[in-house]
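Notes to accompany the following structure.
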Amino acid sequence: MAYALKSVVRPASWRGRPVTMALAVLALAAAGVSFLLGPSHLSAVALLLGLFHSHGFAAVIARDIRLPRALLALFVGAALGASGAALQGLFRNPLAEPGVTGVTACAGLGAVVALYFGWTGTSLMFLPGFAIGGALVAAAILYGLSRSGAGTMALVLAGVAVASLATALTALALSMAPNPYAMSEMVMWMLGSLNDRTPADLYFAAPLVALGIALLLSAGRGLDALTLGEDAAHSLGIDVHGMRRRIILGVALATGAATAAAGAVSFVGLVVPHLLRPLYGHEPSRLIVPSALGGAALVAAADVAVRLIAPDGQLLLGVLTAMIGAPFFIWLIFQLRGAP
Amino acid sequence: MSPALEFGDVHLSYGSRQVLNGVSCSFAPGEVTGLIGPNGAGKTTLLRLALGLLTPTAGACTLLGRALRQWEVRDRARALAYLPQSNEAHWPMLARRVVALGRLPHEASLERLGGADEEAISRALRRCDASDLAERRMDGISAGERARVLLARALATEAPVLLADEPAAHLDPGHQLQLMRLLREEAGRGTAVCVTLHDLALAVRFCDRLLVMKAGRIVAAGAPASALSDKVLAEVFGVGALRLHDQGGRELLLVRALEEG
């Protein structure tokens, strides 16, 4: 298999910690810039002071608009990055990713169904619940397919089919729902955006994303063992089925919650783990935390970029990530040609 | 010496298909036991039973004197190392880190390797003549080198029983001989080595004992020369053989088509 950044080989003693630290700093910096960026002309000092006040204009802007948006970008990116790293480890395939495999599209469908048929009025948890349910269905389909010995291309094609179906059903649901803004809403769910997020979005997404990533981390040793194949992993005392269930549930929780909050942001889970993998010795377990940090940095930075490029909110987050990610995806397929 | 691994009248069927039909055999410490037979004879099934990946329909599997199903998963993983047929690591990790995976049964993880783990890893690499490959990436070494690293991974567990599934497949003759020699050396340290082989010449040359399987049964067992009689060769494999002896008096087998006989 051909791998990018072949030159960046490190000895085993090099643990990658400085890179992990740098990624964390990068993510926080991007979130900081995101916090300071917006249409209201408040100074950085006024905004920071606003964080510590319970009322007033600056407090509303800082606490209800800017901070949720900046933090949501981090959580959404972390969910997608970690999910991508874990799925790639599980399928032993660098093309596996929540977006490519249709997991985000199905999560988006779940969210739209919950939102536009009024069930969210019953309980705040219906929206993420449906999104996670959608993600779980897509992940289970993939899992069944990979169990039956499907190769890389079958996995990708199935992902395309699942994603297309979910997107079509999302469009159908929005058209049928009593919703005057169906078209613009549709675009938001399919491409992903952090425009006009509220603290409520953050409150439901953050714990679910954290729980999902914790599940993924708990499967790290198993992912390492899986490098040798399923039977060998079993012989090393790994509960392969249990590990697989944990990863699928973790990905569904993290990606489902992220998608319920921000729509289907694609390709983050593909690009980030792939770029970081050589820096962590290609070891699946070591890649999960850096991928979460890298994803957080990328989404926060992309959310800054969309507002710098189009301050009126016309450029959606997912458009930017797809513009970076899709060409990367094609390049990666070229790299993988001829691989088993 | 009591056997390390033992199968007693084991039956296994998938639906109506009988895969194993009353297999009884044992694997002794310090011996290389070759499991041979045509494709579909049940060799790999027997290994998967020992690993606990399959459960027999009837019969008993015993590991180190205790019924296999009574073993805790982690204890079993420490007692039984398995070298799968695939000669690949799915990610191009450093060889030493791949070998480190053999320490997972010892409550280690790649992020947490103790002094004993590091020593076992170095020892396994040394025993497989792979110390100089430790800092190389798995995609940057030859197939023969990769086979040695993967054997070192299995040895790093330091289990008393080693199961190897077709370790010589995909290797050129020089590396085949080297790998079989390494398995012999491991048996010399007291490990019970069970190896499935397609190459009858390798089986005769390197195994202490052979178990010949056909259609889910063991049809011949014993020292290589006696287990692989002309009759067994003809019935099981449909081949004949030319038997030679080297200077040490060890029998060598040259397989040939029956009509050449």
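Order determines the names: the first chain of the structure tokens is A, the second B, and so forth; residues in each chain are numbered 1 upward, and ligands are numbered 1 upward as they are shown.
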Next item on the list: Just the residues within 7 Å of Asn21 (chain B), please, counting only C-alpha atoms, with nothing from its chain fewer than 3 positions along; format it as a PyMOL selection string.
Entry: chain B and resi 10-12+18+216-217
Could those residues be written to a file, using N, CA and C atoms, as a compact mmCIF listing (two decimals), in the first residue's frame?
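The file below, out-v4.txt, is the result:
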# COMPACT_ATOMS: atom_id res chain seq x y z
N VAL B 10 -12.91 -35.36 18.39
CA VAL B 10 -13.59 -34.08 18.12
C VAL B 10 -14.39 -34.17 16.82
N HIS B 11 -15.64 -33.78 16.92
CA HIS B 11 -16.50 -33.68 15.74
C HIS B 11 -16.89 -32.22 15.56
N LEU B 12 -17.02 -31.81 14.31
CA LEU B 12 -17.52 -30.46 14.06
C LEU B 12 -18.28 -30.46 12.75
N GLN B 18 -20.09 -32.28 7.61
CA GLN B 18 -19.15 -32.71 8.64
C GLN B 18 -17.76 -32.20 8.26
N GLY B 216 -11.63 -34.45 7.09
CA GLY B 216 -12.04 -34.32 8.48
C GLY B 216 -11.60 -35.46 9.39
N ARG B 217 -10.72 -36.33 8.90
CA ARG B 217 -10.20 -37.42 9.75
C ARG B 217 -8.68 -37.41 9.68
Checklist line | Neighbours of chain A in chain B at 6 Å, counting only C-alpha atoms, as an MDAnalysis selection string | finding: chainID B and resid 73:74 77 89:91 93 105
I need the residues from that last selection saved to file as a PDB file, in the first residue's frame (with all heavy atoms), if you can.
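Everything below was put into part_26.pdb:
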ATOM      1  N   VAL B  73     -10.086 -16.028  28.807  1.00  0.00           N
ATOM      2  CA  VAL B  73      -9.579 -15.601  27.496  1.00  0.00           C
ATOM      3  C   VAL B  73      -8.115 -15.147  27.589  1.00  0.00           C
ATOM      4  O   VAL B  73      -7.276 -15.542  26.784  1.00  0.00           O
ATOM      5  CB  VAL B  73     -10.455 -14.471  26.934  1.00  0.00           C
ATOM      6  CG1 VAL B  73      -9.821 -13.874  25.687  1.00  0.00           C
ATOM      7  CG2 VAL B  73     -11.840 -15.012  26.600  1.00  0.00           C
ATOM      8  N   ARG B  74      -7.803 -14.350  28.597  1.00  0.00           N
ATOM      9  CA  ARG B  74      -6.462 -13.793  28.669  1.00  0.00           C
ATOM     10  C   ARG B  74      -5.425 -14.874  29.010  1.00  0.00           C
ATOM     11  O   ARG B  74      -4.323 -14.887  28.477  1.00  0.00           O
ATOM     12  CB  ARG B  74      -6.409 -12.662  29.694  1.00  0.00           C
ATOM     13  CG  ARG B  74      -5.134 -11.835  29.551  1.00  0.00           C
ATOM     14  CD  ARG B  74      -5.064 -10.742  30.593  1.00  0.00           C
ATOM     15  NE  ARG B  74      -6.150  -9.793  30.470  1.00  0.00           N
ATOM     16  CZ  ARG B  74      -6.792  -9.279  31.520  1.00  0.00           C
ATOM     17  NH1 ARG B  74      -6.467  -9.646  32.742  1.00  0.00           N
ATOM     18  NH2 ARG B  74      -7.742  -8.390  31.349  1.00  0.00           N
ATOM     19  N   ALA B  77      -4.730 -16.775  25.946  1.00  0.00           N
ATOM     20  CA  ALA B  77      -3.892 -16.004  25.024  1.00  0.00           C
ATOM     21  C   ALA B  77      -2.420 -16.059  25.431  1.00  0.00           C
ATOM     22  O   ALA B  77      -1.533 -15.979  24.590  1.00  0.00           O
ATOM     23  CB  ALA B  77      -4.369 -14.549  24.972  1.00  0.00           C
ATOM     24  N   ALA B  89       1.132  -7.159   7.705  1.00  0.00           N
ATOM     25  CA  ALA B  89       0.593  -6.320   8.772  1.00  0.00           C
ATOM     26  C   ALA B  89      -0.186  -5.237   8.030  1.00  0.00           C
ATOM     27  O   ALA B  89       0.290  -4.697   7.038  1.00  0.00           O
ATOM     28  CB  ALA B  89       1.704  -5.712   9.609  1.00  0.00           C
ATOM     29  N   HIS B  90      -1.406  -4.941   8.476  1.00  0.00           N
ATOM     30  CA  HIS B  90      -2.259  -4.065   7.675  1.00  0.00           C
ATOM     31  C   HIS B  90      -1.795  -2.625   7.634  1.00  0.00           C
ATOM     32  O   HIS B  90      -2.112  -1.886   6.729  1.00  0.00           O
ATOM     33  CB  HIS B  90      -3.704  -4.145   8.161  1.00  0.00           C
ATOM     34  CG  HIS B  90      -4.393  -5.358   7.660  1.00  0.00           C
ATOM     35  ND1 HIS B  90      -4.969  -5.428   6.420  1.00  0.00           N
ATOM     36  CD2 HIS B  90      -4.550  -6.576   8.210  1.00  0.00           C
ATOM     37  CE1 HIS B  90      -5.471  -6.623   6.233  1.00  0.00           C
ATOM     38  NE2 HIS B  90      -5.230  -7.338   7.305  1.00  0.00           N
ATOM     39  N   TRP B  91      -1.071  -2.201   8.670  1.00  0.00           N
ATOM     40  CA  TRP B  91      -0.518  -0.858   8.642  1.00  0.00           C
ATOM     41  C   TRP B  91       1.003  -0.986   8.656  1.00  0.00           C
ATOM     42  O   TRP B  91       1.538  -1.888   9.299  1.00  0.00           O
ATOM     43  CB  TRP B  91      -0.975  -0.038   9.853  1.00  0.00           C
ATOM     44  CG  TRP B  91      -2.462   0.114   9.936  1.00  0.00           C
ATOM     45  CD1 TRP B  91      -3.274  -0.465  10.861  1.00  0.00           C
ATOM     46  CD2 TRP B  91      -3.312   0.881   9.086  1.00  0.00           C
ATOM     47  NE1 TRP B  91      -4.578  -0.112  10.633  1.00  0.00           N
ATOM     48  CE2 TRP B  91      -4.633   0.711   9.553  1.00  0.00           C
ATOM     49  CE3 TRP B  91      -3.082   1.693   7.978  1.00  0.00           C
ATOM     50  CZ2 TRP B  91      -5.724   1.322   8.945  1.00  0.00           C
ATOM     51  CZ3 TRP B  91      -4.173   2.304   7.374  1.00  0.00           C
ATOM     52  CH2 TRP B  91      -5.465   2.121   7.856  1.00  0.00           C
ATOM     53  N   MET B  93       3.553  -0.401  10.307  1.00  0.00           N
ATOM     54  CA  MET B  93       4.155  -0.024  11.590  1.00  0.00           C
ATOM     55  C   MET B  93       5.624  -0.439  11.600  1.00  0.00           C
ATOM     56  O   MET B  93       6.075  -1.206  10.765  1.00  0.00           O
ATOM     57  CB  MET B  93       3.414  -0.746  12.729  1.00  0.00           C
ATOM     58  CG  MET B  93       2.011  -0.206  12.969  1.00  0.00           C
ATOM     59  SD  MET B  93       0.924  -1.337  13.880  1.00  0.00           S
ATOM     60  CE  MET B  93       1.845  -1.656  15.359  1.00  0.00           C
ATOM     61  N   PRO B 105      -1.386  -9.988  25.485  1.00  0.00           N
ATOM     62  CA  PRO B 105      -1.992 -10.866  26.503  1.00  0.00           C
ATOM     63  C   PRO B 105      -1.420 -10.635  27.903  1.00  0.00           C
ATOM     64  O   PRO B 105      -2.033 -11.025  28.891  1.00  0.00           O
ATOM     65  CB  PRO B 105      -1.644 -12.279  26.006  1.00  0.00           C
ATOM     66  CG  PRO B 105      -1.378 -12.124  24.555  1.00  0.00           C
ATOM     67  CD  PRO B 105      -0.782 -10.764  24.393  1.00  0.00           C
TER      68      PRO B 105
END
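Closest approach to Val289 (chain A) among A:Gly110, A:Gly325, A:Gly77, A:Gly242 is made by A:Gly77 (distances from only C-alpha atoms).
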Check: Looking at only C-alpha atoms, which of A:Leu155, A:Leu72, A:Ala260, A:Leu336 is the one that sits closest to Ala27 (chain A)?
Finding: A:Leu72
Item checked: Val236 (chain B) environment, 9 Å, only C-alpha atoms, sequence neighbours closer than 5 positions dropped, as a PyMOL selection string -> chain B and resi 37-38+212-214+219+231
How would the residues just chosen look if you wrote them out with N, CA and C atoms as a PDB file, in the first residue's frame?
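To be explicit, this is the file written out as result28.pdb:
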ATOM      1  N   GLY B  37      -2.249 -32.308   4.709  1.00  0.00           N
ATOM      2  CA  GLY B  37      -3.440 -32.847   4.068  1.00  0.00           C
ATOM      3  C   GLY B  37      -3.877 -31.913   2.965  1.00  0.00           C
ATOM      4  N   PRO B  38      -4.695 -32.390   2.046  1.00  0.00           N
ATOM      5  CA  PRO B  38      -5.133 -31.530   0.938  1.00  0.00           C
ATOM      6  C   PRO B  38      -6.033 -30.400   1.437  1.00  0.00           C
ATOM      7  N   VAL B 212      -1.564 -36.734   9.231  1.00  0.00           N
ATOM      8  CA  VAL B 212      -2.074 -36.592   7.874  1.00  0.00           C
ATOM      9  C   VAL B 212      -3.599 -36.590   7.936  1.00  0.00           C
ATOM     10  N   MET B 213      -4.195 -35.513   7.424  1.00  0.00           N
ATOM     11  CA  MET B 213      -5.654 -35.386   7.480  1.00  0.00           C
ATOM     12  C   MET B 213      -6.263 -35.519   6.103  1.00  0.00           C
ATOM     13  N   LYS B 214      -7.447 -36.125   6.083  1.00  0.00           N
ATOM     14  CA  LYS B 214      -8.216 -36.166   4.836  1.00  0.00           C
ATOM     15  C   LYS B 214      -9.694 -36.167   5.200  1.00  0.00           C
ATOM     16  N   VAL B 219      -5.784 -39.732   8.979  1.00  0.00           N
ATOM     17  CA  VAL B 219      -5.651 -41.044   8.334  1.00  0.00           C
ATOM     18  C   VAL B 219      -4.283 -41.666   8.583  1.00  0.00           C
ATOM     19  N   LYS B 231       1.483 -45.634   0.330  1.00  0.00           N
ATOM     20  CA  LYS B 231       0.033 -45.838   0.271  1.00  0.00           C
ATOM     21  C   LYS B 231      -0.708 -44.545   0.650  1.00  0.00           C
TER      22      LYS B 231
END
Notebook entry, point to check: Hey, can you check how far CA of Arg103 (chain B) sits from CA of Leu150 (chain B)?
Noted result: 13.0 Å
Check: Can you tell me, as a ChimeraX atom specification, what residues are no more than 9 Å from Thr62 (chain B) when counting only C-alpha atoms, ignoring any on the same chain fewer than 5 positions away?
Finding: /B:3-8,50,67-69
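Excluding region 186-196 of chain A and any residue on its chain fewer than 5 positions from it, the residues at most 6 Å away by only C-alpha atoms are Ala262, Gly263, Ala264, Val265, Leu316, Leu317 and Gly318 of chain A.
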Those selected residues, please, written with N, CA and C atoms and delivered as a short mmCIF file (atom, residue, chain, number, x, y, z; two decimals), in the first residue's frame.
data_model
loop_
_atom_site.label_atom_id
_atom_site.label_comp_id
_atom_site.auth_asym_id
_atom_site.auth_seq_id
_atom_site.Cartn_x
_atom_site.Cartn_y
_atom_site.Cartn_z
N ALA A 262 -24.49 20.16 13.73
CA ALA A 262 -23.88 20.96 12.66
C ALA A 262 -24.20 20.48 11.26
N GLY A 263 -25.05 19.45 11.11
CA GLY A 263 -25.28 18.91 9.78
C GLY A 263 -24.15 18.01 9.36
N ALA A 264 -24.21 17.56 8.10
CA ALA A 264 -23.25 16.57 7.63
C ALA A 264 -21.98 17.22 7.10
N VAL A 265 -21.01 17.41 7.99
CA VAL A 265 -19.71 17.96 7.58
C VAL A 265 -18.86 16.79 7.12
N LEU A 316 -21.07 27.72 3.34
CA LEU A 316 -21.29 26.78 4.44
C LEU A 316 -20.01 26.00 4.75
N LEU A 317 -19.89 25.64 6.02
CA LEU A 317 -18.72 24.92 6.52
C LEU A 317 -18.42 23.67 5.69
N GLY A 318 -19.48 22.89 5.43
CA GLY A 318 -19.29 21.62 4.72
C GLY A 318 -18.81 21.82 3.29
#
Next item on the list: Check the smallest atom-to-atom distance from each of B:Ala241, B:Leu46, B:Val195, B:Ala159 to Cys25 (chain B) using only C-alpha atoms, then report the winner.
Entry: B:Leu46
With 8 Å as the cut-off and only C-alpha atoms counted, what is the closest atom pair between each nearby residue of region 28-47 of chain A and region 296-301 of chain A? Distances in Å to one decimal, ordered by chain and number, as a tab-separated table.
residue	atom	partner	partner_atom	distance
A:Leu28	CA	A:Ala297	CA	7.3
A:Ala30	CA	A:Ala301	CA	5.2
A:Ala31	CA	A:Ala300	CA	5.6
A:Ser34	CA	A:Ala300	CA	6.8
Compile the contact shell of region 247-251 of chain A as a short mmCIF file (atom, residue, chain, number, x, y, z; two decimals) with N, CA, C and O atoms, in the first residue's frame: residues with an atom at most 6 Å away, counting only C-alpha atoms, same-chain residues fewer than 3 positions apart removed.
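Dumped to selection-v8.cif:
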data_model
loop_
_atom_site.label_atom_id
_atom_site.label_comp_id
_atom_site.auth_asym_id
_atom_site.auth_seq_id
_atom_site.Cartn_x
_atom_site.Cartn_y
_atom_site.Cartn_z
N SER A 83 -13.69 9.57 14.93
CA SER A 83 -14.48 8.53 14.27
C SER A 83 -13.77 8.02 13.02
O SER A 83 -13.75 6.82 12.75
N GLY A 212 -18.85 9.17 23.07
CA GLY A 212 -18.49 8.41 21.87
C GLY A 212 -16.98 8.25 21.74
O GLY A 212 -16.48 7.15 21.50
N LEU A 215 -15.60 5.76 24.16
CA LEU A 215 -15.81 4.39 23.69
C LEU A 215 -14.76 3.99 22.66
O LEU A 215 -14.23 2.88 22.70
N LEU A 216 -14.46 4.92 21.76
CA LEU A 216 -13.46 4.63 20.73
C LEU A 216 -12.10 4.39 21.36
O LEU A 216 -11.37 3.47 20.98
N ARG A 244 -15.68 -4.38 18.12
CA ARG A 244 -16.35 -3.86 16.93
C ARG A 244 -17.65 -3.15 17.32
O ARG A 244 -17.95 -2.06 16.82
N ALA A 254 -20.73 9.75 18.54
CA ALA A 254 -19.97 10.97 18.27
C ALA A 254 -20.44 11.64 16.98
O ALA A 254 -20.76 12.83 16.96
N THR A 255 -20.50 10.84 15.90
CA THR A 255 -20.89 11.41 14.61
C THR A 255 -22.35 11.84 14.62
O THR A 255 -22.70 12.89 14.07
#
Margin query: For a quick check of understanding, using only C-alpha atoms, which of B:Ala134, B:Leu233, B:Leu228, B:Leu253 has the smallest distance to Leu202 (chain B)?
Written below: B:Leu253
Write out as a tab-separated table (two decimals) with C-alpha atoms, in the first residue's frame each polymer residue whose atoms come within 9 Å of region 166-179 of chain B, counting only C-alpha atoms; drop sequence neighbours fewer than 4 positions from it.
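Contents of the output file selection20.tsv:
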chain	number	residue	atom	x	y	z
B	83	LEU	CA	0.80	-17.23	13.66
B	84	PRO	CA	-1.84	-16.71	10.94
B	85	GLN	CA	-1.26	-17.53	7.32
B	86	SER	CA	-1.32	-13.93	6.13
B	87	ASN	CA	2.15	-12.53	5.72
B	128	CYS	CA	14.18	-14.81	14.69
B	143	ALA	CA	8.49	-10.93	2.36
B	144	GLY	CA	11.05	-13.20	4.00
B	145	GLU	CA	12.00	-10.51	6.52
B	147	ALA	CA	7.73	-13.49	7.90
B	148	ARG	CA	10.54	-13.44	10.48
B	151	LEU	CA	7.09	-15.06	13.79
B	183	LEU	CA	10.32	-23.17	14.33
B	184	ARG	CA	12.60	-26.15	15.11
B	195	VAL	CA	2.38	-26.21	12.00
B	196	THR	CA	0.16	-26.77	8.96
B	197	LEU	CA	2.12	-27.33	5.77
B	198	HIS	CA	1.41	-28.00	2.11
B	199	ASP	CA	5.00	-28.71	1.20
B	202	LEU	CA	9.47	-29.44	4.25
B	206	PHE	CA	11.57	-30.45	9.71
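CA of Leu125 (chain B) sits 22.8 Å away from CA of Arg76 (chain B).
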